[in-house]
Every structure is written in C-alpha cells, then in structure tokens.
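Listing of entry_7.cif; format and content: mmCIF, C-alpha atoms and all ligand atoms.
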```cif
data_upload
loop_
_atom_site.label_atom_id
_atom_site.label_comp_id
_atom_site.auth_asym_id
_atom_site.auth_seq_id
_atom_site.Cartn_x
_atom_site.Cartn_y
_atom_site.Cartn_z
CA MET L 1 0.00 0.00 0.00
CA ASP L 2 1.20 3.43 -0.88
CA GLN L 3 0.38 5.57 2.13
CA SER L 4 0.98 8.86 0.37
CA ALA L 5 -1.59 8.23 -2.37
CA SER L 6 -4.69 8.65 -0.23
CA ALA L 7 -3.31 11.75 1.48
CA GLN L 8 -2.27 13.42 -1.75
CA THR L 9 -3.05 17.12 -1.75
CA LYS L 10 -4.22 18.52 -5.05
CA CYS L 11 -3.44 21.90 -6.51
CA THR L 12 -6.37 24.33 -6.22
CA ARG L 13 -5.52 25.78 -9.62
CA CYS L 14 -4.99 22.76 -11.90
CA GLY L 15 -6.20 19.84 -9.79
CA GLU L 16 -2.96 17.93 -10.19
CA PRO L 17 -1.36 16.28 -7.15
CA ALA L 18 0.98 18.79 -5.53
CA ASP L 19 4.42 17.59 -4.44
CA PRO L 20 5.73 19.53 -2.70
CA VAL L 21 2.61 21.39 -1.63
CA VAL L 22 2.86 25.16 -1.71
CA TYR L 23 0.41 26.89 0.61
CA LYS L 24 -0.57 30.44 -0.15
CA THR L 25 -3.04 32.80 1.45
CA ILE L 26 -5.62 33.69 -1.18
CA ILE L 27 -7.75 36.77 -0.71
CA ASP L 28 -11.10 36.89 -2.47
CA ARG L 29 -14.58 38.19 -1.90
CA ALA L 30 -17.38 36.02 -0.62
CA TYR L 31 -21.00 36.61 0.19
CA ASP L 32 -22.03 36.55 3.82
CA GLN L 33 -25.41 34.81 3.96
CA VAL L 34 -26.11 36.09 7.46
CA ARG L 35 -25.18 39.75 7.08
CA LYS L 36 -26.35 39.83 3.43
CA LYS L 37 -23.27 41.55 2.17
CA LYS L 38 -19.93 40.81 0.62
CA TYR L 39 -16.81 40.50 2.66
CA VAL L 40 -13.12 39.89 2.03
CA ARG L 41 -12.15 36.32 2.75
CA GLN L 42 -8.68 34.96 3.35
CA GLN L 43 -7.91 31.30 3.11
CA SER L 44 -4.78 29.24 2.92
CA LEU L 45 -5.00 27.00 -0.15
CA PRO L 46 -2.70 24.28 -1.48
CA PHE L 47 -0.96 24.62 -4.85
CA CYS L 48 1.58 22.66 -6.87
CA SER L 49 3.73 25.74 -7.45
CA GLU L 50 4.13 29.41 -6.63
CA GLU L 51 3.13 30.16 -10.22
CA HIS L 52 -0.26 28.48 -9.90
CA ALA L 53 -0.80 30.18 -6.56
CA ASN L 54 -0.28 33.56 -8.21
CA HIS L 55 -2.56 32.66 -11.11
CA HIS L 56 -5.32 31.73 -8.70
CA GLN L 57 -4.96 34.98 -6.78
CA TRP L 58 -5.20 36.94 -10.02
CA SER L 59 -8.35 35.11 -11.05
CA CYS L 60 -9.90 36.00 -7.69
CA GLU L 61 -9.22 39.68 -8.12
CA GLY L 62 -11.29 41.49 -10.49
ZN ZN L 101 -1.15 23.49 -10.23
#
```

Encoding of this model in structure tokens:
Amino acid sequence: MDQSASAQTKCTRCGEPADPVVYKTIIDRAYDQVRKKKYVRQQSLPFCSEEHANHHQWSCEG
C-alpha cells in the first residue's frame, strides 16, 4: 500500500497532485449569507507551485 496516495493534496488551480505542496493565502470576496453583504475572505490554499498560486490569486481579483 502506498500511504501517500490517499493523502495526496491537489493543486487548487490545476487539480494535479501537488508535491511539494505550496500553501498560499488567497484573498477573495465572498457573500455573507447572514449579514447579506460581501466580505473579504482569506484562506490558505494548497498549490503545486508558486506560479499556480499567483494565477489563482489573479483570477480572484477582479
Ligand atoms: Zn497546479
């Protein structure tokens, strides 16, 4: 059994298994269902590379 297979973290950007995993804090805007307004959300997401992390951040900005 390959123990690492089941615990493989996938890149948020491309969906490929990330090795090593690069975590980056992504800032985007989400809708608060309770307060009924948008807010800035920060979340640490896994990526396969710094490049894909930057691409994802750009796609969140608008
Ligand atoms: Zn990727």

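Residues in contact with ligand ZN 101 (chain L) (atom pairs separated by at most 8 Å; all atoms listed in the file) are Lys10, Cys11, Thr12, Arg13, Cys14, Gly15, Glu16, Pro17, Ala18, Phe47, Cys48, Ser49, Glu51, His52 and Ala53 of chain L.
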
TODO: Find the residue from L:Thr9, L:Pro20, L:Thr25, L:Asp32 that sits nearest to Leu45 in chain L; use only C-alpha atoms when measuring.
DONE: L:Thr25

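The space separating CA of Ser59 in chain L from CA of Val34 in chain L comes to 25.7 Å.
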
Centre and edge lengths of an axis-aligned box around all listed atoms of range 40-46 of chain L, with 6 Å added on each side, are to be given in Å to one decimal, as JSON.
```
{"center_x": -7.9, "center_y": 32.1, "center_z": 0.9, "size_x": 22.4, "size_y": 27.6, "size_z": 16.8}
```
